[in-house]
$ cat input-v3.pdb   # PDB, C-alpha atoms
MODEL        1
ATOM      1  CA  MET A   1      18.049 -95.257  51.004
ATOM      2  CA  SER A   2      17.932 -94.450  47.307
ATOM      3  CA  ASN A   3      20.712 -95.187  44.828
ATOM      4  CA  GLU A   4      21.046 -91.430  44.297
ATOM      5  CA  GLN A   5      21.692 -90.858  47.998
ATOM      6  CA  ARG A   6      24.313 -93.581  48.051
ATOM      7  CA  ASN A   7      26.078 -92.284  44.972
ATOM      8  CA  GLN A   8      26.291 -88.793  46.466
ATOM      9  CA  THR A   9      28.101 -90.111  49.508
ATOM     10  CA  GLY A  10      31.890 -90.137  49.503
ATOM     11  CA  PRO A  11      34.110 -92.986  50.696
ATOM     12  CA  ILE A  12      33.468 -94.502  54.114
ATOM     13  CA  LEU A  13      36.199 -96.250  56.088
ATOM     14  CA  ALA A  14      34.719 -99.216  57.961
ATOM     15  CA  LEU A  15      36.399-101.299  60.651
ATOM     16  CA  ASP A  16      35.483-104.177  62.976
ATOM     17  CA  THR A  17      37.699-106.260  65.282
ATOM     18  CA  SER A  18      35.063-107.753  67.580
ATOM     19  CA  THR A  19      35.631-111.281  66.233
ATOM     20  CA  ALA A  20      38.684-113.345  65.279
ATOM     21  CA  SER A  21      38.465-111.614  61.896
ATOM     22  CA  MET A  22      39.707-108.078  61.423
ATOM     23  CA  ALA A  23      37.256-106.799  58.829
ATOM     24  CA  ALA A  24      37.921-103.457  57.171
ATOM     25  CA  ALA A  25      36.866-101.760  53.957
ATOM     26  CA  ILE A  26      36.694 -98.479  52.105
ATOM     27  CA  VAL A  27      33.350 -98.246  50.346
ATOM     28  CA  SER A  28      31.900 -95.539  48.105
ATOM     29  CA  GLY A  29      28.276 -95.995  47.117
ATOM     30  CA  TYR A  30      27.970 -99.618  45.987
ATOM     31  CA  GLU A  31      31.654 -99.917  45.159
ATOM     32  CA  VAL A  32      34.192-101.547  47.465
ATOM     33  CA  LEU A  33      37.377 -99.604  46.775
ATOM     34  CA  ALA A  34      39.530-101.749  49.077
ATOM     35  CA  ASP A  35      38.941-104.355  51.755
ATOM     36  CA  ILE A  36      40.874-106.578  54.113
ATOM     37  CA  GLN A  37      39.802-109.618  56.113
ATOM     38  CA  THR A  38      42.380-111.293  58.347
ATOM     39  CA  LEU A  39      41.948-114.108  60.863
ATOM     40  CA  ALA A  40      44.520-113.140  63.478
ATOM     41  CA  GLU A  41      42.671-111.966  66.576
ATOM     42  CA  ARG A  42      45.767-111.693  68.779
ATOM     43  CA  ASN A  43      47.480-109.468  66.230
ATOM     44  CA  HIS A  44      44.663-107.021  65.490
ATOM     45  CA  SER A  45      46.331-104.270  67.498
ATOM     46  CA  VAL A  46      49.640-104.797  65.697
ATOM     47  CA  HIS A  47      48.337-104.646  62.138
ATOM     48  CA  VAL A  48      45.150-102.570  62.125
ATOM     49  CA  VAL A  49      46.756 -99.200  61.343
ATOM     50  CA  THR A  50      49.024-100.760  58.712
ATOM     51  CA  HIS A  51      46.005-102.371  57.054
ATOM     52  CA  ILE A  52      44.160 -99.045  56.954
ATOM     53  CA  GLN A  53      47.179 -97.396  55.336
ATOM     54  CA  GLU A  54      47.346-100.223  52.814
ATOM     55  CA  MET A  55      43.665 -99.817  51.907
ATOM     56  CA  LEU A  56      44.102 -96.084  51.386
ATOM     57  CA  ARG A  57      47.053 -96.767  49.101
ATOM     58  CA  LYS A  58      45.177 -99.427  47.097
ATOM     59  CA  SER A  59      42.160 -97.191  46.658
ATOM     60  CA  GLY A  60      44.285 -94.198  45.658
ATOM     61  CA  LEU A  61      42.823 -92.082  48.443
ATOM     62  CA  ALA A  62      44.170 -89.813  51.127
ATOM     63  CA  ASN A  63      42.624 -89.513  54.565
ATOM     64  CA  THR A  64      41.127 -86.183  53.444
ATOM     65  CA  ASP A  65      39.046 -88.088  50.854
ATOM     66  CA  ILE A  66      37.317 -90.186  53.520
ATOM     67  CA  GLU A  67      33.866 -88.813  54.302
ATOM     68  CA  ALA A  68      33.111 -90.759  57.481
ATOM     69  CA  ILE A  69      34.261 -93.626  59.674
ATOM     70  CA  ALA A  70      32.026 -96.574  60.609
ATOM     71  CA  VAL A  71      33.052 -98.965  63.360
ATOM     72  CA  GLY A  72      31.633-102.221  64.673
ATOM     73  CA  ASN A  73      31.018-101.673  68.388
ATOM     74  CA  GLY A  74      30.412-105.294  69.397
ATOM     75  CA  PRO A  75      29.411-107.327  71.167
ATOM     76  CA  GLY A  76      32.266-109.784  70.887
ATOM     77  CA  SER A  77      35.861-110.169  72.025
ATOM     78  CA  TYR A  78      36.478-107.772  74.922
ATOM     79  CA  THR A  79      39.957-106.815  73.762
ATOM     80  CA  GLY A  80      39.041-106.946  70.081
ATOM     81  CA  MET A  81      36.184-104.485  70.383
ATOM     82  CA  ARG A  82      38.395-101.990  72.185
ATOM     83  CA  ILE A  83      40.971-102.052  69.378
ATOM     84  CA  ALA A  84      38.573-101.036  66.600
ATOM     85  CA  ILE A  85      36.769 -98.503  68.774
ATOM     86  CA  SER A  86      40.031 -96.886  69.888
ATOM     87  CA  VAL A  87      41.401 -96.637  66.339
ATOM     88  CA  ALA A  88      38.115 -95.330  64.912
ATOM     89  CA  LYS A  89      37.753 -92.707  67.647
ATOM     90  CA  THR A  90      41.326 -91.543  67.191
ATOM     91  CA  LEU A  91      41.034 -91.268  63.404
ATOM     92  CA  ALA A  92      37.676 -89.490  63.616
ATOM     93  CA  TRP A  93      39.180 -86.931  65.989
ATOM     94  CA  VAL A  94      42.504 -86.466  64.175
ATOM     95  CA  TRP A  95      40.959 -86.411  60.689
ATOM     96  CA  ASN A  96      37.908 -84.448  61.856
ATOM     97  CA  LYS A  97      35.473 -86.932  60.294
ATOM     98  CA  PRO A  98      31.957 -88.004  61.364
ATOM     99  CA  LEU A  99      31.899 -91.258  63.343
ATOM    100  CA  VAL A 100      29.092 -93.827  63.365
ATOM    101  CA  SER A 101      28.916 -97.140  65.220
ATOM    102  CA  VAL A 102      27.245-100.323  64.050
ATOM    103  CA  SER A 103      26.237-103.480  65.890
ATOM    104  CA  SER A 104      28.762-106.150  64.902
ATOM    105  CA  LEU A 105      26.004-108.751  65.209
ATOM    106  CA  GLU A 106      23.735-106.809  62.894
ATOM    107  CA  ALA A 107      26.521-106.544  60.308
ATOM    108  CA  ILE A 108      26.958-110.336  60.409
ATOM    109  CA  ALA A 109      23.212-110.858  60.009
ATOM    110  CA  TYR A 110      22.892-108.261  57.266
ATOM    111  CA  GLY A 111      25.893-109.526  55.317
ATOM    112  CA  ALA A 112      24.932-113.193  55.571
ATOM    113  CA  TRP A 113      21.385-112.394  54.494
ATOM    114  CA  HIS A 114      22.566-110.612  51.363
ATOM    115  CA  GLN A 115      24.809-113.547  50.512
ATOM    116  CA  GLN A 116      22.001-116.073  50.691
ATOM    117  CA  VAL A 117      18.886-114.135  49.685
ATOM    118  CA  SER A 118      18.894-115.276  46.062
ATOM    119  CA  GLY A 119      19.247-118.882  47.151
ATOM    120  CA  ILE A 120      16.247-118.657  49.477
ATOM    121  CA  ALA A 121      14.184-117.053  46.715
ATOM    122  CA  GLU A 122      15.005-119.961  44.437
ATOM    123  CA  LEU A 123      14.103-122.528  47.101
ATOM    124  CA  ASP A 124      10.555-121.308  47.475
ATOM    125  CA  LYS A 125       9.378-118.821  44.847
ATOM    126  CA  ALA A 126       5.678-119.358  45.462
ATOM    127  CA  ARG A 127       5.463-118.222  49.084
ATOM    128  CA  ASN A 128       5.467-114.830  50.714
ATOM    129  CA  GLY A 129       6.372-114.240  54.322
ATOM    130  CA  GLU A 130       8.853-112.901  56.798
ATOM    131  CA  HIS A 131      12.491-114.010  56.986
ATOM    132  CA  TRP A 132      14.167-114.356  60.379
ATOM    133  CA  VAL A 133      17.929-113.880  60.667
ATOM    134  CA  PHE A 134      19.823-114.804  63.849
ATOM    135  CA  PRO A 135      23.544-113.955  64.064
ATOM    136  CA  ILE A 136      25.634-115.725  66.695
ATOM    137  CA  MET A 137      29.132-115.439  68.149
ATOM    138  CA  ASP A 138      30.421-117.870  70.748
ATOM    139  CA  ALA A 139      30.473-116.400  74.268
ATOM    140  CA  ARG A 140      31.776-119.543  76.069
ATOM    141  CA  ARG A 141      30.072-121.904  78.515
ATOM    142  CA  GLY A 142      27.279-122.741  76.082
ATOM    143  CA  GLN A 143      26.448-119.057  75.593
ATOM    144  CA  VAL A 144      26.287-116.930  72.464
ATOM    145  CA  TYR A 145      26.142-113.269  71.643
ATOM    146  CA  THR A 146      23.024-113.015  69.543
ATOM    147  CA  SER A 147      20.104-110.875  68.408
ATOM    148  CA  ALA A 148      17.263-111.162  65.903
ATOM    149  CA  PHE A 149      16.308-109.436  62.687
ATOM    150  CA  SER A 150      13.554-109.718  60.110
ATOM    151  CA  MET A 151      13.494-109.082  56.391
ATOM    152  CA  THR A 152      10.201-108.832  54.557
ATOM    153  CA  ASP A 153       9.636-109.590  50.900
ATOM    154  CA  ALA A 154       9.405-105.815  50.482
ATOM    155  CA  SER A 155      13.038-105.575  51.669
ATOM    156  CA  GLU A 156      12.198-103.995  55.020
ATOM    157  CA  TRP A 157      14.980-104.820  57.479
ATOM    158  CA  THR A 158      14.066-104.572  61.172
ATOM    159  CA  ARG A 159      15.509-105.614  64.507
ATOM    160  CA  TRP A 160      13.241-107.375  67.018
ATOM    161  CA  LEU A 161      15.689-108.563  69.678
ATOM    162  CA  ASP A 162      18.487-106.558  71.281
ATOM    163  CA  ASP A 163      22.097-107.726  71.235
ATOM    164  CA  GLY A 164      22.793-109.841  74.290
ATOM    165  CA  VAL A 165      24.377-112.931  75.811
ATOM    166  CA  ARG A 166      22.067-115.947  75.823
ATOM    167  CA  ILE A 167      22.372-119.649  76.573
ATOM    168  CA  MET A 168      22.141-121.218  73.132
ATOM    169  CA  LYS A 169      19.889-124.158  73.996
ATOM    170  CA  ASP A 170      17.471-121.872  75.859
ATOM    171  CA  PHE A 171      17.479-119.436  72.955
ATOM    172  CA  VAL A 172      16.423-122.232  70.588
ATOM    173  CA  ASP A 173      13.633-123.198  73.017
ATOM    174  CA  GLN A 174      12.373-119.621  72.986
ATOM    175  CA  LEU A 175      12.433-119.478  69.197
ATOM    176  CA  GLU A 176      10.486-122.730  69.026
ATOM    177  CA  GLN A 177       7.792-121.265  71.282
ATOM    178  CA  ARG A 178       7.666-118.009  69.315
ATOM    179  CA  LEU A 179       7.325-119.892  66.044
ATOM    180  CA  ALA A 180       4.553-122.076  67.476
ATOM    181  CA  ASN A 181       2.548-118.991  68.497
ATOM    182  CA  LEU A 182       2.525-117.497  64.992
ATOM    183  CA  PRO A 183       0.042-118.301  62.215
ATOM    184  CA  ALA A 184       1.208-121.098  59.914
ATOM    185  CA  GLY A 185       3.002-119.777  56.852
ATOM    186  CA  SER A 186       3.832-116.352  58.286
ATOM    187  CA  ILE A 187       7.557-117.174  58.496
ATOM    188  CA  ARG A 188       9.136-118.087  55.186
ATOM    189  CA  SER A 189      12.712-118.745  56.274
ATOM    190  CA  ILE A 190      15.015-118.866  59.287
ATOM    191  CA  SER A 191      18.734-118.188  58.962
ATOM    192  CA  LEU A 192      21.232-118.949  61.723
ATOM    193  CA  VAL A 193      24.492-117.290  60.735
ATOM    194  CA  GLY A 194      27.970-116.581  62.073
ATOM    195  CA  ASP A 195      30.301-118.934  63.943
ATOM    196  CA  LEU A 196      28.298-122.149  64.278
ATOM    197  CA  SER A 197      31.225-124.485  64.986
ATOM    198  CA  LEU A 198      30.706-124.766  68.753
ATOM    199  CA  HIS A 199      26.908-124.839  68.609
ATOM    200  CA  GLU A 200      26.177-127.413  65.933
ATOM    201  CA  GLU A 201      23.810-129.463  68.113
ATOM    202  CA  SER A 202      21.566-126.479  68.855
ATOM    203  CA  ALA A 203      21.802-125.331  65.230
ATOM    204  CA  MET A 204      20.600-128.715  63.984
ATOM    205  CA  ARG A 205      17.767-128.711  66.516
ATOM    206  CA  LEU A 206      16.646-125.298  65.254
ATOM    207  CA  LYS A 207      16.761-126.646  61.705
ATOM    208  CA  GLN A 208      14.551-129.606  62.679
ATOM    209  CA  ILE A 209      12.097-127.340  64.500
ATOM    210  CA  GLY A 210      11.800-124.983  61.545
ATOM    211  CA  GLU A 211      11.453-127.683  58.929
ATOM    212  CA  ALA A 212       8.782-129.427  61.002
ATOM    213  CA  ALA A 213       6.850-126.143  60.837
ATOM    214  CA  GLY A 214       7.294-125.937  57.068
ATOM    215  CA  VAL A 215       9.949-123.200  57.227
ATOM    216  CA  ILE A 216      13.123-123.087  55.130
ATOM    217  CA  VAL A 217      16.101-123.163  57.515
ATOM    218  CA  GLN A 218      19.591-122.057  56.469
ATOM    219  CA  LEU A 219      22.673-122.678  58.627
ATOM    220  CA  GLN A 220      25.447-120.453  57.335
ATOM    221  CA  THR A 221      28.981-119.944  58.580
ATOM    222  CA  PHE A 222      29.759-116.287  58.008
ATOM    223  CA  ILE A 223      32.887-114.272  58.731
ATOM    224  CA  GLN A 224      32.544-110.539  59.297
ATOM    225  CA  GLU A 225      33.122-108.314  56.244
ATOM    226  CA  GLY A 226      33.943-104.628  56.348
ATOM    227  CA  LYS A 227      31.597-103.708  53.508
ATOM    228  CA  TRP A 228      28.538-104.532  55.624
ATOM    229  CA  ILE A 229      29.816-102.339  58.463
ATOM    230  CA  ALA A 230      30.078 -99.588  55.838
ATOM    231  CA  GLU A 231      26.597-100.326  54.435
ATOM    232  CA  LEU A 232      24.920-100.077  57.825
ATOM    233  CA  GLY A 233      27.155 -97.179  58.811
ATOM    234  CA  LEU A 234      26.033 -95.241  55.755
ATOM    235  CA  LYS A 235      22.408 -95.637  56.819
ATOM    236  CA  ARG A 236      23.231 -94.247  60.265
ATOM    237  CA  LEU A 237      25.225 -91.425  58.713
ATOM    238  CA  GLN A 238      22.317 -90.473  56.463
ATOM    239  CA  SER A 239      20.019 -90.526  59.519
ATOM    240  CA  GLY A 240      22.328 -88.268  61.488
ATOM    241  CA  LEU A 241      23.070 -90.915  64.138
ATOM    242  CA  LEU A 242      26.619 -89.751  64.873
ATOM    243  CA  GLU A 243      28.847 -90.726  67.777
ATOM    244  CA  ASP A 244      31.050 -88.520  69.920
ATOM    245  CA  PRO A 245      34.628 -89.741  69.382
ATOM    246  CA  HIS A 246      35.449 -88.824  72.980
ATOM    247  CA  THR A 247      32.693 -90.858  74.634
ATOM    248  CA  LEU A 248      31.909 -93.858  72.401
ATOM    249  CA  ILE A 249      32.412 -97.184  74.190
ATOM    250  CA  PRO A 250      31.950-100.779  72.985
ATOM    251  CA  ASN A 251      28.783-102.746  73.655
ATOM    252  CA  TYR A 252      30.231-105.192  76.171
ATOM    253  CA  THR A 253      26.855-106.813  77.040
ATOM    254  CA  GLN A 254      28.390-108.778  79.925
ATOM    255  CA  LEU A 255      31.070-108.565  82.568
ATOM    256  CA  THR A 256      34.555-109.717  81.705
ATOM    257  CA  GLU A 257      35.854-112.785  83.556
ATOM    258  CA  ALA A 258      38.134-110.539  85.624
ATOM    259  CA  GLU A 259      35.157-108.425  86.696
ATOM    260  CA  VAL A 260      33.136-111.536  87.594
ATOM    261  CA  VAL A 261      35.973-112.842  89.789
ATOM    262  CA  TRP A 262      36.468-109.417  91.378
ATOM    263  CA  LYS A 263      32.752-108.995  92.157
ATOM    264  CA  ALA A 264      32.560-112.534  93.608
ATOM    265  CA  LYS A 265      35.581-111.749  95.809
ATOM    266  CA  GLN A 266      34.012-108.467  96.940
ATOM    267  CA  ALA A 267      30.761-110.250  97.785
ATOM    268  CA  GLY A 268      32.658-112.873  99.787
ATOM    269  CA  GLU A 269      34.561-110.255 101.748
ATOM    270  CA  ALA A 270      31.332-108.397 102.490
ATOM    271  CA  LYS A 271      29.818-111.532 104.036
ATOM    272  CA  ALA A 272      32.905-112.266 106.131
TER     273      ALA A 272
ENDMDL
END
$ encode --input "input-v3.pdb" --output "structure tokens"
Amino acid sequence: MSNEQRNQTGPILALDTSTASMAAAIVSGYEVLADIQTLAERNHSVHVVTHIQEMLRKSGLANTDIEAIAVGNGPGSYTGMRIAISVAKTLAWVWNKPLVSVSSLEAIAYGAWHQQVSGIAELDKARNGEHWVFPIMDARRGQVYTSAFSMTDASEWTRWLDDGVRIMKDFVDQLEQRLANLPAGSIRSISLVGDLSLHEESAMRLKQIGEAAGVIVQLQTFIQEGKWIAELGLKRLQSGLLEDPHTLIPNYTQLTEAEVVWKAKQAGEAKA
């Protein structure tokens, strides 16, 4: 997307509550007019509307000035995702604004990449190659919500693995095999980003695997930011990838614990 296209686009309200962080922003072009990032997962539903009102006040805007609404649709916290989706759908309908949805994992990957890109360039100026970016969120029991993206030196951002729930140690094994099957030097860097606190052992193993293959490996804790939801949302808006505010649902990717228990109970009763 060109700078001219961005500058012609009015303010976008962006919102994500799929993680412990409520990330929200009002962004116009390259300018963040207002943003909020709070770590209070259990209180997202209590404060989200108040925070949106506060951002409008800080930016000097009315709801009529907002051009579109972008929402992170997960995966992530089951309850958290529903909060942002419900608020975004309601506002899009009441305000009569276009609605776009963005992968919360992609926003983490995209935001973390833009934070660290200059550092990677400084680490290895002489080489060309592809950059892999893997966002993760903890999904309990050794699992993570994750996906995979690539950035080329020509700034081409692509997805090559769908959002999903994966066992972290198995995911690292698969990445090791994929890396081994590629020509030496074709991958310039690997970035594992997001909430790494519960998966440090696997993260360090990925770092060792990459460095043994001559690849720069970055392990980066990253908390969701609303401006990256807006950035990706703008791209979808410009491409006409709009959502119906009456039918949009979060990307759950797996059954909730209650559904697992219920299905197990149903299966047991069927065998009885």
$ residues_around --input "input-v3.pdb" --residues "Leu206 of chain A" --least-positions-apart "2" --cutoff "12 Å" --atoms "all atoms listed in the file" --output "NGL selection string"
:A and (134 or 168-177 or 179 or 189-192 or 199-204 or 208-213 or 215-219)
$ atom_distance --input "input-v3.pdb" --atom1 "atom CA of Ala230 of chain A" --atom2 "atom CA of Leu198 of chain A"
28.3 Å
$ closest_residue --input "input-v3.pdb" --among "A:Lys97, A:Arg178, A:Leu196, A:Pro250" --to "Thr146 of chain A" --atoms "only C-alpha atoms"
A:Leu196
$ closest_atom_pairs --input "input-v3.pdb" --of "segment 11-38 of chain A" --to "segment 73-82 of chain A" --cutoff "9 Å" --atoms "only C-alpha atoms" --output "tab-separated table"
residue	atom	partner	partner_atom	distance
A:Asp16	CA	A:Met81	CA	7.4
A:Thr17	CA	A:Gly80	CA	5.0
A:Ser18	CA	A:Met81	CA	4.4
A:Thr19	CA	A:Ser77	CA	5.9
A:Ala20	CA	A:Ser77	CA	8.0
A:Met22	CA	A:Gly80	CA	8.8
$ closest_residue --input "input-v3.pdb" --among "A:Gly10, A:Gly185, A:Gly226, A:Gly240" --to "Ile36 of chain A" --atoms "all atoms listed in the file"
A:Gly226
$ atom_distance --input "input-v3.pdb" --atom1 "atom CA of Ala184 of chain A" --atom2 "atom CA of Met151 of chain A"
17.5 Å
$ residues_around --input "input-v3.pdb" --residues "Leu241 of chain A" --least-positions-apart "3" --cutoff "12 Å" --atoms "all atoms listed in the file" --output "VMD selection string"
chain A and resid 70 98 to 102 232 to 238 244
$ closest_residue --input "input-v3.pdb" --among "A:Ile66, A:Ile12, A:Ala139, A:Ala107" --to "Trp228 of chain A" --atoms "all atoms listed in the file"
A:Ala107
$ atom_distance --input "input-v3.pdb" --atom1 "atom CA of Asn128 of chain A" --atom2 "atom CA of Gln116 of chain A"
16.6 Å
$ closest_residue --input "input-v3.pdb" --among "A:Glu231, A:Glu156, A:Asp138, A:Asp163" --to "Ile26 of chain A" --atoms "all atoms listed in the file"
A:Glu231
$ closest_residue --input "input-v3.pdb" --among "A:Val94, A:Val133, A:Leu242, A:Ile229" --to "Trp113 of chain A" --atoms "all atoms listed in the file"
A:Val133
$ closest_residue --input "input-v3.pdb" --among "A:Val165, A:Ala84, A:Ile187, A:Leu39" --to "Gly129 of chain A" --atoms "only C-alpha atoms"
A:Ile187
$ residues_around --input "input-v3.pdb" --residues "segment 108-110 of chain A" --least-positions-apart "2" --cutoff "8 Å" --atoms "all atoms listed in the file" --output "list in words"
Ser104, Leu105, Glu106, Ala112, Trp113, His114, Val133, Phe134, Pro135, Phe149, Val193, Gly194, Phe222, Ile223, Gln224, Glu225 and Trp228 of chain A
$ residues_around --input "input-v3.pdb" --residues "Ala34 of chain A" --least-positions-apart "3" --cutoff "8 Å" --atoms "all atoms listed in the file" --output "ChimeraX atom specification"
/A:25-27,55-56,58-59
$ residues_around --input "input-v3.pdb" --residues "Pro245 of chain A" --least-positions-apart "4" --cutoff "7 Å" --atoms "all atoms listed in the file" --output "PDB file with C-alpha atoms, in the frame of the given file"
ATOM      1  CA  LYS A  89      37.753 -92.707  67.647  1.00  0.00           C
ATOM      2  CA  ALA A  92      37.676 -89.490  63.616  1.00  0.00           C
ATOM      3  CA  TRP A  93      39.180 -86.931  65.989  1.00  0.00           C
ATOM      4  CA  LEU A  99      31.899 -91.258  63.343  1.00  0.00           C
TER       5      LEU A  99
END
